[in-house]
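Below is protein-v4.txt, holding compact mmCIF, C-alpha atoms.
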```txt
# COMPACT_ATOMS: atom_id res chain seq x y z
CA MET A 1 113.71 121.02 110.74
CA ALA A 2 110.45 119.50 111.85
CA ASN A 3 109.02 118.46 108.53
CA PRO A 4 110.43 120.54 105.73
CA LEU A 5 108.87 118.48 102.98
CA ARG A 6 105.75 120.37 101.99
CA TYR A 7 104.08 120.14 98.62
CA LEU A 8 102.12 122.76 96.64
CA LYS A 9 99.76 124.96 98.62
CA HIS A 10 96.05 125.64 98.00
CA VAL A 11 95.45 122.62 95.78
CA VAL A 12 94.08 120.01 98.16
CA THR A 13 90.45 118.93 97.67
CA LEU A 14 89.77 117.67 101.20
CA ALA A 15 86.51 118.86 102.76
CA ILE A 16 84.44 117.91 105.81
CA ASP A 17 80.67 118.08 106.04
CA ASP A 18 80.07 119.27 109.58
CA ALA A 19 76.42 118.23 109.47
CA ARG A 20 77.36 114.58 109.01
CA CYS A 21 80.46 114.49 111.21
CA THR A 22 79.99 112.97 114.67
CA GLY A 23 83.54 113.59 115.83
CA CYS A 24 84.28 109.87 116.19
CA GLY A 25 87.95 110.45 115.39
CA GLN A 26 88.43 107.58 112.97
CA CYS A 27 89.73 110.00 110.30
CA ARG A 28 92.32 111.44 112.63
CA GLU A 29 93.54 107.95 113.42
CA VAL A 30 94.13 106.88 109.80
CA CYS A 31 95.64 110.15 108.52
CA PRO A 32 99.38 109.64 107.94
CA HIS A 33 100.16 113.36 107.95
CA GLY A 34 98.31 114.63 111.02
CA VAL A 35 96.01 116.76 108.87
CA LEU A 36 92.92 116.29 111.01
CA SER A 37 92.09 117.02 114.61
CA ILE A 38 88.93 116.85 116.67
CA CYS A 39 87.68 120.22 117.78
CA ASN A 40 84.45 120.74 119.77
CA GLY A 41 83.18 117.30 118.85
CA LYS A 42 83.77 117.70 115.12
CA ALA A 43 86.62 116.77 112.84
CA ASP A 44 88.63 119.82 111.88
CA ILE A 45 91.19 120.32 109.15
CA ALA A 46 94.18 121.51 111.10
CA ASP A 47 96.77 121.43 108.32
CA LEU A 48 95.15 121.34 104.89
CA ASP A 49 98.31 121.73 102.81
CA ALA A 50 99.89 118.69 104.46
CA CYS A 51 97.17 116.48 102.96
CA MET A 52 98.37 114.11 100.23
CA GLU A 53 94.86 113.05 99.22
CA CYS A 54 95.41 109.36 99.96
CA GLY A 55 91.72 109.03 100.79
CA ALA A 56 92.17 107.03 104.01
CA CYS A 57 89.95 109.40 106.02
CA SER A 58 87.07 109.49 103.60
CA ARG A 59 87.17 105.72 103.02
CA ASN A 60 87.06 105.07 106.75
CA CYS A 61 84.45 107.64 107.69
CA PRO A 62 81.35 105.68 108.76
CA PHE A 63 79.16 108.74 108.16
CA GLU A 64 80.48 109.73 104.73
CA ALA A 65 81.29 113.16 106.07
CA ILE A 66 84.62 113.55 104.27
CA THR A 67 85.15 114.16 100.58
CA VAL A 68 88.47 114.21 98.81
CA SER A 69 89.33 113.44 95.21
CA ALA A 70 91.78 110.75 96.19
CA GLY A 71 94.24 109.08 93.91
CA VAL A 72 97.81 108.23 93.19
CA GLY A 73 99.92 111.39 93.32
CA CYS A 74 102.33 109.96 90.80
CA ALA A 75 103.44 111.85 87.68
CA THR A 76 103.76 108.71 85.56
CA ALA A 77 100.21 107.72 86.42
CA VAL A 78 98.80 111.19 85.81
CA ILE A 79 100.58 111.55 82.46
CA ARG A 80 99.50 108.08 81.39
CA GLY A 81 95.91 108.83 82.38
CA PHE A 82 96.05 112.15 80.51
CA LEU A 83 97.40 110.53 77.33
CA ARG A 84 94.72 107.87 77.40
CA GLY A 85 92.01 110.31 78.29
CA GLY A 86 91.09 108.49 81.47
CA PRO A 87 91.76 108.76 85.19
CA PRO A 88 95.34 108.51 86.54
CA ASP A 89 96.44 104.99 85.81
CA CYS A 90 99.16 103.50 87.92
CA SER A 91 99.85 100.30 86.05
CA CYS A 92 102.17 98.86 88.63
CA SER A 93 100.83 95.40 87.95
CA SER A 94 102.79 95.31 84.73
CA ASP A 95 106.51 95.28 85.18
CA GLN A 96 107.06 98.77 83.87
CA GLY A 97 105.86 102.14 84.87
CA CYS A 98 105.76 103.83 88.17
CA CYS A 99 107.86 103.28 91.17
CA CYS A 100 105.30 102.68 93.87
CA MET B 1 94.34 72.47 104.11
CA PHE B 2 97.41 74.52 103.23
CA LYS B 3 96.82 76.60 100.19
CA GLY B 4 100.17 76.60 98.49
CA ALA B 5 103.02 78.68 99.81
CA GLN B 6 104.75 77.07 96.88
CA ARG B 7 102.94 78.35 93.88
CA THR B 8 105.74 78.64 91.38
CA LYS B 9 108.26 76.14 92.71
CA ASN B 10 107.36 72.95 94.43
CA VAL B 11 109.99 73.57 97.06
CA LYS B 12 109.34 74.93 100.53
CA PRO B 13 110.81 78.43 100.83
CA GLY B 14 113.54 78.78 103.46
CA TRP B 15 111.50 81.14 105.60
CA ILE B 16 108.93 78.44 106.41
CA ILE B 17 110.42 76.78 109.46
CA GLY B 18 107.62 74.48 110.56
CA TRP B 19 103.91 73.81 110.60
CA LEU B 20 101.28 75.05 113.00
CA PRO B 21 98.47 72.63 113.76
CA THR B 22 94.98 74.11 113.90
CA ARG B 23 91.51 72.64 113.73
CA ALA B 24 91.45 73.62 110.06
CA GLY B 25 94.73 71.88 109.33
CA PHE B 26 98.39 72.86 109.25
CA PHE B 27 99.61 76.35 108.44
CA PRO B 28 103.19 77.43 107.80
CA LYS B 29 105.22 78.79 110.69
CA ILE B 30 107.55 81.46 109.44
CA SER B 31 110.93 82.67 110.55
CA THR B 32 111.47 86.19 111.92
CA ARG B 33 115.01 86.24 110.59
CA LEU B 34 115.84 87.24 107.05
CA SER B 35 118.22 84.87 105.33
CA ARG B 36 120.92 85.98 102.93
CA GLU B 37 118.59 84.99 100.11
CA ASP B 38 115.82 87.25 101.48
CA ILE B 39 118.21 90.18 101.82
CA LEU B 40 119.65 89.69 98.32
CA GLY B 41 116.12 89.38 96.93
CA GLY B 42 115.24 92.68 98.61
CA TRP B 43 118.23 94.35 96.99
CA ARG B 44 117.32 92.89 93.64
CA VAL B 45 113.79 94.30 93.63
CA ARG B 46 115.00 97.63 94.99
CA TRP B 47 116.95 97.82 91.75
CA GLY B 48 113.80 97.04 89.84
CA PHE B 49 114.53 93.50 88.66
CA SER B 50 111.39 91.37 88.31
CA ARG B 51 109.81 93.49 91.03
CA MET B 52 106.32 92.35 90.12
CA ASN B 53 107.17 88.71 90.60
CA TYR B 54 108.45 89.04 94.14
CA GLN B 55 105.46 87.49 95.79
CA VAL B 56 104.35 85.38 98.70
CA SER B 57 101.33 83.11 98.35
CA PRO B 58 98.28 84.71 99.97
CA GLY B 59 96.88 82.86 102.97
CA LEU B 60 97.44 82.22 106.65
CA TYR B 61 100.83 82.02 108.34
CA GLY B 62 102.05 82.22 111.91
CA VAL B 63 105.03 83.39 113.93
CA GLY B 64 106.07 82.01 117.30
CA LYS B 65 103.40 79.84 118.93
CA PRO B 66 100.13 81.54 118.01
CA GLY B 67 96.95 80.44 119.76
CA ALA B 68 93.30 81.38 119.96
CA ASP B 69 94.11 84.68 121.69
CA SER B 70 97.01 85.74 119.51
CA PRO B 71 96.74 88.89 117.43
CA VAL B 72 96.00 88.62 113.72
CA LEU B 73 98.24 90.80 111.54
CA VAL B 74 97.29 91.50 107.94
CA THR B 75 99.75 92.33 105.19
CA ALA B 76 100.29 92.44 101.42
CA ASN B 77 101.76 89.62 99.35
CA TYR B 78 104.72 91.66 98.07
CA LYS B 79 107.62 89.74 99.60
CA LEU B 80 109.43 92.94 100.56
CA SER B 81 106.37 93.97 102.62
CA PHE B 82 106.02 90.48 104.10
CA ASP B 83 109.74 90.37 105.00
CA SER B 84 109.72 93.80 106.63
CA LEU B 85 106.78 92.64 108.75
CA ARG B 86 108.16 89.29 109.90
CA LYS B 87 111.64 90.57 110.70
CA HIS B 88 110.14 92.73 113.44
CA LEU B 89 108.14 89.92 115.05
CA GLU B 90 110.93 88.23 117.01
CA GLY B 91 109.49 86.84 120.24
CA ILE B 92 105.88 87.60 119.29
CA ASN B 93 103.13 85.01 118.84
CA ALA B 94 100.83 86.07 116.06
CA TRP B 95 98.84 84.98 113.07
CA ILE B 96 99.62 86.61 109.75
CA VAL B 97 97.02 86.94 107.01
CA VAL B 98 98.58 87.65 103.63
CA LEU B 99 96.11 89.25 101.25
CA ASP B 100 96.32 88.86 97.49
CA THR B 101 97.55 92.30 96.44
CA LYS B 102 99.05 91.03 93.17
CA GLY B 103 102.56 91.42 94.53
CA VAL B 104 102.19 95.14 95.22
CA ASN B 105 103.15 96.78 98.52
CA VAL B 106 100.62 97.84 101.16
CA TRP B 107 100.28 101.54 100.39
CA CYS B 108 100.13 101.30 96.61
CA SER B 109 97.77 98.35 96.63
CA ALA B 110 95.53 100.15 99.12
CA GLY B 111 95.53 103.16 96.79
CA LYS B 112 94.48 100.93 93.93
CA GLY B 113 91.94 99.10 96.06
CA THR B 114 93.45 95.62 95.77
CA PHE B 115 94.39 95.79 99.45
CA GLY B 116 90.75 96.54 99.96
CA THR B 117 87.60 95.89 101.91
CA GLU B 118 86.45 93.12 99.60
CA GLU B 119 89.77 91.24 99.64
CA LEU B 120 89.99 91.47 103.44
CA VAL B 121 86.39 90.35 103.99
CA GLY B 122 87.00 87.47 101.57
CA LYS B 123 90.10 86.30 103.42
CA ILE B 124 88.47 86.60 106.86
CA GLU B 125 85.67 84.36 105.60
CA SER B 126 87.67 81.89 103.49
CA LEU B 127 90.27 81.36 106.22
CA ASN B 128 87.47 81.04 108.76
CA LEU B 129 89.21 83.38 111.17
CA SER B 130 86.30 83.31 113.58
CA ALA B 131 87.06 79.64 114.26
CA LEU B 132 90.80 80.26 114.56
CA VAL B 133 90.78 83.00 117.19
CA ARG B 134 88.50 83.85 120.11
CA HIS B 135 88.84 87.63 119.77
CA ARG B 136 87.34 89.62 116.90
CA ASN B 137 90.17 91.96 115.90
CA VAL B 138 92.42 92.18 112.88
CA ILE B 139 95.41 94.50 112.87
CA LEU B 140 96.16 96.26 109.60
CA PRO B 141 99.07 98.47 108.70
CA GLN B 142 97.81 102.05 108.90
CA LEU B 143 98.82 102.67 105.30
CA ALA B 144 96.20 100.13 104.19
CA ALA B 145 93.48 102.59 105.25
CA PRO B 146 93.03 104.20 101.79
CA GLY B 147 91.73 100.84 100.56
CA VAL B 148 89.87 99.41 103.53
CA ALA B 149 86.63 100.74 105.00
CA ALA B 150 86.98 99.50 108.56
CA HIS B 151 83.30 99.95 109.44
CA VAL B 152 82.21 97.91 106.41
CA VAL B 153 84.55 95.05 107.39
CA THR B 154 83.08 95.07 110.89
CA ARG B 155 79.53 95.16 109.60
CA THR B 156 80.09 92.22 107.26
CA THR B 157 82.36 89.94 109.29
CA GLY B 158 82.08 91.03 112.91
CA PHE B 159 85.83 91.63 112.96
CA LYS B 160 86.99 95.02 114.15
CA VAL B 161 89.77 96.59 112.11
CA LEU B 162 92.53 98.04 114.26
CA TYR B 163 94.96 100.22 112.36
CA GLY B 164 98.45 99.52 113.58
CA PRO B 165 101.48 101.73 113.18
CA VAL B 166 102.74 102.97 109.80
CA ARG B 167 106.07 101.17 110.21
CA ALA B 168 106.33 97.48 111.10
CA ALA B 169 109.26 98.37 113.35
CA ASP B 170 106.77 99.95 115.78
CA LEU B 171 104.55 96.83 115.93
CA PRO B 172 106.12 95.24 119.04
CA MET B 173 105.62 98.50 120.96
CA TYR B 174 102.08 98.86 119.58
CA LEU B 175 101.16 95.34 120.70
CA LYS B 176 102.77 95.86 124.10
CA ASN B 177 100.74 99.06 124.58
CA GLY B 178 97.50 97.17 124.03
CA CYS B 179 97.13 98.24 120.39
CA GLN B 180 97.65 101.94 120.99
CA ALA B 181 99.67 103.97 118.52
CA ASP B 182 100.98 107.43 119.29
CA ARG B 183 101.20 110.32 116.86
CA GLN B 184 104.75 109.43 115.81
CA MET B 185 103.72 105.85 114.95
CA ARG B 186 100.85 107.22 112.88
CA THR B 187 102.87 109.70 110.86
CA VAL B 188 104.56 108.94 107.58
CA THR B 189 108.13 110.15 107.18
CA PHE B 190 110.43 110.51 104.19
CA THR B 191 113.87 110.35 105.74
CA THR B 192 117.16 110.34 103.88
CA MET B 193 117.38 106.57 104.26
CA GLU B 194 113.83 106.13 102.98
CA ARG B 195 114.63 108.31 99.98
CA LEU B 196 117.87 106.44 99.29
CA ALA B 197 115.92 103.16 99.23
CA VAL B 198 113.71 104.31 96.34
CA ILE B 199 116.44 105.95 94.26
CA PRO B 200 117.81 102.78 92.54
CA VAL B 201 114.50 101.89 90.96
CA GLU B 202 114.13 105.48 89.72
CA VAL B 203 117.53 105.28 88.07
CA ILE B 204 116.61 102.03 86.34
CA LEU B 205 113.22 103.38 85.25
CA SER B 206 114.85 106.45 83.71
CA TRP B 207 116.14 104.30 80.85
CA LYS B 208 113.47 105.63 78.50
CA ILE B 209 114.69 109.19 78.98
CA ALA B 210 118.31 108.03 78.60
CA LEU B 211 117.42 106.24 75.39
CA ALA B 212 115.61 109.28 73.97
CA ALA B 213 118.55 111.53 74.85
CA LEU B 214 120.95 109.03 73.25
CA ALA B 215 118.89 108.87 70.06
CA TYR B 216 118.85 112.66 69.81
CA HIS B 217 122.56 112.87 70.58
CA LEU B 218 123.52 110.28 67.96
CA LEU B 219 121.31 111.93 65.33
CA ALA B 220 122.86 115.32 65.97
CA GLN B 221 126.34 113.84 65.89
CA TYR B 222 125.54 112.06 62.66
CA LEU B 223 124.17 115.21 61.00
CA SER B 224 127.22 117.17 62.02
CA GLY B 225 129.51 114.43 60.77
CA HIS B 226 131.10 113.56 64.09
CA LEU B 227 129.41 110.25 64.75
CA SER B 228 132.48 108.06 64.54
CA SER B 229 134.69 110.13 66.80
CA TRP B 230 135.54 109.18 70.35
CA SER B 231 134.02 112.44 71.51
CA THR B 232 130.57 111.08 70.63
CA MET B 233 130.87 108.94 73.72
CA THR B 234 132.23 111.54 76.10
CA GLN B 235 129.80 114.17 74.89
CA PHE B 236 126.90 112.02 76.01
CA LEU B 237 128.10 112.29 79.60
CA PRO B 238 126.37 115.66 80.26
CA TYR B 239 123.04 113.97 79.46
CA LEU B 240 123.76 111.16 81.90
CA GLY B 241 124.72 113.84 84.43
CA ALA B 242 121.37 115.56 83.93
CA ILE B 243 119.56 112.25 84.46
CA LEU B 244 121.45 111.57 87.69
CA ALA B 245 120.81 115.15 88.85
CA GLY B 246 117.09 114.51 88.42
CA CYS B 247 116.71 111.05 89.88
CA VAL B 248 119.58 110.78 92.39
CA LEU B 249 120.76 114.21 93.48
CA THR B 250 117.33 115.84 93.71
CA PRO B 251 115.76 113.03 95.82
CA MET B 252 118.81 112.97 98.09
CA LEU B 253 118.81 116.74 98.66
CA LEU B 254 115.00 117.02 98.61
CA PRO B 255 114.41 118.79 101.96
CA TRP B 256 117.19 121.28 101.35
CA ILE B 257 116.25 122.38 97.84
CA PRO B 258 113.98 125.46 98.06
CA GLY B 259 110.46 125.47 96.63
CA PRO B 260 107.56 123.01 96.96
CA SER B 261 107.32 121.84 93.33
CA LEU B 262 109.27 118.70 92.46
CA ALA B 263 109.86 119.81 88.86
CA TRP B 264 111.18 123.14 90.13
CA LYS B 265 113.53 121.39 92.58
CA GLY B 266 114.88 119.20 89.79
CA TRP B 267 115.26 122.19 87.48
CA LEU B 268 117.21 124.09 90.15
CA VAL B 269 119.60 121.19 90.65
CA GLY B 270 119.87 120.72 86.89
CA ILE B 271 120.53 124.39 86.12
CA SER B 272 123.12 124.65 88.92
CA ALA B 273 124.99 121.63 87.62
CA THR B 274 124.76 122.82 84.01
CA LEU B 275 125.97 126.33 84.91
CA ALA B 276 128.94 124.84 86.76
CA PHE B 277 129.63 122.67 83.72
CA ALA B 278 129.32 125.66 81.35
CA LEU B 279 131.81 127.63 83.42
CA ILE B 280 134.52 124.97 83.27
CA ASN B 281 134.09 123.74 79.70
CA GLU B 282 135.33 125.86 76.83
CA HIS B 283 132.47 125.36 74.41
CA PRO B 284 131.08 128.27 72.36
CA TRP B 285 128.32 130.10 74.20
CA LEU B 286 125.61 128.84 71.85
CA VAL B 287 126.59 125.27 72.64
CA ASN B 288 126.24 126.02 76.30
CA THR B 289 122.90 127.68 75.60
CA THR B 290 121.56 124.44 74.21
CA TYR B 291 122.91 122.61 77.24
CA LEU B 292 121.25 125.13 79.56
CA LEU B 293 117.93 124.61 77.79
CA ILE B 294 118.01 120.82 77.49
CA LEU B 295 119.82 119.45 80.54
CA PRO B 296 117.81 121.15 83.35
CA ALA B 297 114.62 120.15 81.50
CA ILE B 298 115.70 116.50 81.73
CA SER B 299 116.46 116.85 85.46
CA ALA B 300 113.16 118.63 86.05
CA PHE B 301 111.17 115.93 84.30
CA LEU B 302 112.80 113.13 86.27
CA ALA B 303 112.34 115.00 89.53
CA PHE B 304 108.68 115.48 88.63
CA ASN B 305 108.50 111.74 88.08
CA PHE B 306 109.77 111.24 91.62
CA THR B 307 106.32 112.32 92.86
CA GLY B 308 105.40 108.64 92.45
CA CYS B 309 107.94 107.71 95.12
CA THR B 310 107.34 110.44 97.63
CA THR B 311 105.17 110.04 100.69
CA TYR B 312 103.69 113.52 100.68
CA THR B 313 102.65 114.64 97.19
CA SER B 314 98.94 114.97 96.45
CA LEU B 315 97.18 114.09 93.22
CA SER B 316 95.87 117.67 92.85
CA GLY B 317 99.40 118.98 93.24
CA VAL B 318 100.79 116.58 90.64
CA LYS B 319 98.03 117.61 88.24
CA LYS B 320 98.89 121.27 88.77
CA GLU B 321 102.55 120.57 88.13
CA MET B 322 101.61 118.71 85.00
CA ARG B 323 99.63 121.69 83.73
CA ILE B 324 102.32 124.26 84.49
CA ALA B 325 105.72 122.60 84.69
CA LEU B 326 105.40 119.95 82.01
CA PRO B 327 104.72 122.41 79.12
CA LEU B 328 107.69 124.51 80.27
CA ILE B 329 109.91 121.42 80.39
CA ILE B 330 108.88 120.40 76.89
CA PHE B 331 109.26 123.96 75.58
CA SER B 332 112.73 124.34 77.06
CA ALA B 333 113.98 121.04 75.67
CA ALA B 334 112.44 121.70 72.25
CA LEU B 335 113.94 125.19 72.12
CA GLY B 336 117.34 123.73 73.00
CA ILE B 337 117.09 121.28 70.13
CA VAL B 338 116.00 124.03 67.72
CA VAL B 339 118.88 126.29 68.77
CA ARG B 340 121.30 123.50 68.17
CA PHE B 341 120.08 122.68 64.67
CA VAL B 342 119.79 126.35 63.72
CA TYR B 343 123.36 126.80 64.82
CA MET B 344 124.42 123.77 62.83
CA TYR B 345 122.62 124.63 59.58
CA VAL B 346 122.28 128.43 59.56
CA TRP B 347 125.73 129.36 60.79
CA ARG B 348 127.30 126.35 59.10
CA THR B 349 129.87 126.22 61.80
CA PRO B 350 131.85 123.01 62.16
CA TRP B 351 130.37 121.53 65.22
CA GLN B 352 133.13 120.22 67.38
CA THR B 353 131.36 119.77 70.59
CA LEU B 354 127.97 118.74 72.02
```

I need this file expressed as structure tokens, please.
Amino acid sequence: MANPLRYLKHVVTLAIDDARCTGCGQCREVCPHGVLSICNGKADIADLDACMECGACSRNCPFEAITVSAGVGCATAVIRGFLRGGPPDCSCSSDQGCCC
Amino acid sequence: MFKGAQRTKNVKPGWIIGWLPTRAGFFPKISTRLSREDILGGWRVRWGFSRMNYQVSPGLYGVGKPGADSPVLVTANYKLSFDSLRKHLEGINAWIVVLDTKGVNVWCSAGKGTFGTEELVGKIESLNLSALVRHRNVILPQLAAPGVAAHVVTRTTGFKVLYGPVRAADLPMYLKNGCQADRQMRTVTFTTMERLAVIPVEVILSWKIALAALAYHLLAQYLSGHLSSWSTMTQFLPYLGAILAGCVLTPMLLPWIPGPSLAWKGWLVGISATLAFALINEHPWLVNTTYLLILPAISAFLAFNFTGCTTYTSLSGVKKEMRIALPLIIFSAALGIVVRFVYMYVWRTPWQTL
């Protein structure tokens, strides 16, 4: 059992703009799930469904070549955001709420 | 000089074991051993008790005998994060910069942006790191990357951000290898032990669900005239069972339960447990029908909630689950409640159980 924990397929919003990418490899370094690889001098999405949309790659891309709608993948936060009509709101700074 | 490691109490915490002289004054030298108090404190917050107040004062610290060439490690000011860093630094000389992440761990605070570019740049400047060390590197936990734009930090401060390993346990090896991390050090896991560690807080945070179930249970018992009987107590146990199936059993068995959706996994565990329960109890079949509608819905909801603890669920996936699974969960539970009251009022049957 290499890594049996896989989440829903075909939902991830990660995308790379090949025109901007220089293949520097910073994104591959920060990805905690080995989603990205460098292929022919460009970043390549090797395992899209393993992406958890943490946003590390896009935040650390010096060329703004990566887009992903990053956020907290936490049900409590998503439900709270939905009820308040705003973005997912992980109010971990108060002593109630999510478990992160 | 030393900007308060003693914010709340005016007593020096036990993990400060000395003072390190620098040109900018004295900074606390910290122990790499966790005391009994540290370990008990870790247990306490794992169970969710005053978790948001378990903090270390932000600022500069050191382990061993750090000098101008020692590495600078950056961490969050959640004490559990700080402790898991320092306990792996035995025999290492290093500076530790604690950022103000409002007492939240590295990954979550990076996700929220408090462990962020601005905070890091601010600390590098206010602590005058460029006068403290000769090199121009800061080592961050890799999981801080969602909050920190390394290239912006370099552009503003001249300090290069090196992302260290995901787990502090790999830091000694990382430093020995000249700040090189292999694939395994860079990959997040979610092992059985890691899942066990986050279960207690889930159990404690499920109190709202438990309270709602109890309110419903007591109301139904009252309406059927059984409130004062001893069975009121014992008949609440299936609800507690459903809660534990959702926030203990499902996380423990996570890799072995089929299907990618967390709500689905919880529902499977819940329905299996409820079916087993229905087979051994001798309730009328309509009673068991209400159980089969309500109990797995509770388990499914709590398992869905566990997405906040996992290390692999994406926001888009959680949103999709919310659109599809959550309405089904609510429908199932509501139908169960309707069936129960219909049974009670339409059939007028004396309601012994449930």

Using only C-alpha atoms, determine which residues lie at most 12 Å from region 11-15 of chain A, disregarding the query and same-chain residues fewer than 6 positions distant; provide the list as a ChimeraX atom specification.
/A:21,27,35-36,43-58,64-71,73 /B:312-321

Report as JSON lines the residues of region 20-84 of chain A within 8 Å of region 148-156 of chain B, each with its shortest atom pair and distance in Å (one decimal), using only C-alpha atoms, ordered by chain and increasing residue number.
```
{"residue": "A:Ala56", "atom": "CA", "partner": "B:Val148", "partner_atom": "CA", "distance": 8.0}
{"residue": "A:Arg59", "atom": "CA", "partner": "B:Ala149", "partner_atom": "CA", "distance": 5.4}
{"residue": "A:Asn60", "atom": "CA", "partner": "B:Ala149", "partner_atom": "CA", "distance": 4.7}
{"residue": "A:Cys61", "atom": "CA", "partner": "B:Ala149", "partner_atom": "CA", "distance": 7.7}
{"residue": "A:Pro62", "atom": "CA", "partner": "B:His151", "partner_atom": "CA", "distance": 6.1}
```

Would you mind exporting the chosen residues as a tab-separated table (two decimals), in the coordinates of the input, restricted to C-alpha atoms?
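For reference, again.tsv as written:
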```tsv
chain	number	residue	atom	x	y	z
A	56	ALA	CA	92.17	107.03	104.01
A	59	ARG	CA	87.17	105.72	103.02
A	60	ASN	CA	87.06	105.07	106.75
A	61	CYS	CA	84.45	107.64	107.69
A	62	PRO	CA	81.35	105.68	108.76
```

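The closest residue to Asp182 (chain B), picked from B:Val56, B:Pro71, B:Glu194, B:Tyr163 and counting only C-alpha atoms, is B:Tyr163.
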
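Using all atoms listed in the file, the smallest distance between any of B:Val188, B:Asn281, B:Ala333, B:Ala220 and Gly34 (chain A) comes from B:Val188.
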
Find, counting all atoms listed in the file, the residue in B:Pro28, B:Pro13, B:Pro251, B:Pro284 that gets nearest to Val97 (chain B).
B:Pro28

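The neighbours of Pro88 (chain A) here are the residues that come within 8 Å of it, using all atoms listed in the file and leaving out any residue fewer than 5 positions away in the same chain; they are Gly71, Val72, Ala77, Val78, Ile79, Arg80, Gly81 and Phe82 of chain A.
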
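Distance annotation: of B:Val346, B:Val269, B:Ala242, B:Val203, the residue with the minimal separation from chain A is B:Val203; atom set is all atoms listed in the file.
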
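When all atoms listed in the file are used to compute distances to Lys79 (chain B), the closest of the residues B:Glu37, B:Glu118, B:Glu282, B:Asp170 turns out to be B:Glu37.
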
Mind giving me the straight-line distance from CA of Trp95 (chain B) to CA of Val133 (chain B) in Å, one decimal?
9.3 Å

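Proximity to chain A was assessed for B:Gly48, B:Gly336, B:Gly266, B:Gly225 counting only C-alpha atoms; the smallest distance is recorded for B:Gly48.
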
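Between CA of Leu293 (chain B) and CA of Tyr239 (chain B) lies a distance of 11.9 Å.
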
Applying 8 Å and only C-alpha atoms, which residues near Lys42 (chain A) remain after dropping the ones on its own chain fewer than 4 positions away? List them as a PyMOL selection string.
chain A and resi 18+21-24+38

Please indicate the distance in Å from CA of Phe190 (chain B) to CA of Phe115 (chain B), rounded to one decimal place.
22.3 Å

Sphere at (92.0, 95.1, 95.3), radius 10 Å, counting only C-alpha atoms: residues as a count of residues only:
18

Could you pull the residues within 7 Å of region 160-162 of chain B, counting all atoms listed in the file, minus those fewer than 3 positions along the same chain, as a PyMOL selection string?
chain B and resi 136-140+150+154

Do a neighbour search on Ile243 (chain B) at 8 Å with only C-alpha atoms, toss out local chain neighbours closer than 2 positions, and write the hits as number ranges by chain.
B: 206, 209-210, 239-241, 245-247, 298-299, 302

Complete the atoms of region 70-79 of chain B to N, CA, C and O atoms and put them out as a PDB file, in the frame of the given file.
```
ATOM      1  N   SER B  70      95.926  84.973 120.115  1.00  0.00           N
ATOM      2  CA  SER B  70      97.010  85.740 119.510  1.00  0.00           C
ATOM      3  C   SER B  70      96.468  86.754 118.519  1.00  0.00           C
ATOM      4  O   SER B  70      95.431  86.535 117.888  1.00  0.00           O
ATOM      5  N   PRO B  71      97.191  87.875 118.386  1.00  0.00           N
ATOM      6  CA  PRO B  71      96.740  88.890 117.430  1.00  0.00           C
ATOM      7  C   PRO B  71      96.831  88.404 115.988  1.00  0.00           C
ATOM      8  O   PRO B  71      97.642  87.529 115.679  1.00  0.00           O
ATOM      9  N   VAL B  72      95.978  88.945 115.147  1.00  0.00           N
ATOM     10  CA  VAL B  72      96.000  88.620 113.720  1.00  0.00           C
ATOM     11  C   VAL B  72      96.510  89.852 112.964  1.00  0.00           C
ATOM     12  O   VAL B  72      95.892  90.918 113.005  1.00  0.00           O
ATOM     13  N   LEU B  73      97.654  89.692 112.300  1.00  0.00           N
ATOM     14  CA  LEU B  73      98.240  90.800 111.540  1.00  0.00           C
ATOM     15  C   LEU B  73      97.982  90.569 110.064  1.00  0.00           C
ATOM     16  O   LEU B  73      98.118  89.458 109.568  1.00  0.00           O
ATOM     17  N   VAL B  74      97.612  91.626 109.367  1.00  0.00           N
ATOM     18  CA  VAL B  74      97.290  91.500 107.940  1.00  0.00           C
ATOM     19  C   VAL B  74      98.339  92.251 107.132  1.00  0.00           C
ATOM     20  O   VAL B  74      98.759  93.341 107.520  1.00  0.00           O
ATOM     21  N   THR B  75      98.771  91.645 106.027  1.00  0.00           N
ATOM     22  CA  THR B  75      99.750  92.330 105.190  1.00  0.00           C
ATOM     23  C   THR B  75      99.527  92.023 103.707  1.00  0.00           C
ATOM     24  O   THR B  75      98.624  91.276 103.347  1.00  0.00           O
ATOM     25  N   ALA B  76     100.374  92.624 102.873  1.00  0.00           N
ATOM     26  CA  ALA B  76     100.290  92.440 101.420  1.00  0.00           C
ATOM     27  C   ALA B  76     101.147  91.256 100.990  1.00  0.00           C
ATOM     28  O   ALA B  76     101.983  90.789 101.759  1.00  0.00           O
ATOM     29  N   ASN B  77     100.956  90.772  99.766  1.00  0.00           N
ATOM     30  CA  ASN B  77     101.760  89.620  99.350  1.00  0.00           C
ATOM     31  C   ASN B  77     102.984  90.005  98.511  1.00  0.00           C
ATOM     32  O   ASN B  77     103.560  89.184  97.826  1.00  0.00           O
ATOM     33  N   TYR B  78     103.404  91.285  98.595  1.00  0.00           N
ATOM     34  CA  TYR B  78     104.720  91.660  98.070  1.00  0.00           C
ATOM     35  C   TYR B  78     105.743  91.135  99.077  1.00  0.00           C
ATOM     36  O   TYR B  78     105.621  91.406 100.271  1.00  0.00           O
ATOM     37  N   LYS B  79     106.734  90.385  98.628  1.00  0.00           N
ATOM     38  CA  LYS B  79     107.620  89.740  99.600  1.00  0.00           C
ATOM     39  C   LYS B  79     108.415  90.757 100.409  1.00  0.00           C
ATOM     40  O   LYS B  79     108.735  90.514 101.575  1.00  0.00           O
TER      41      LYS B  79
END
```
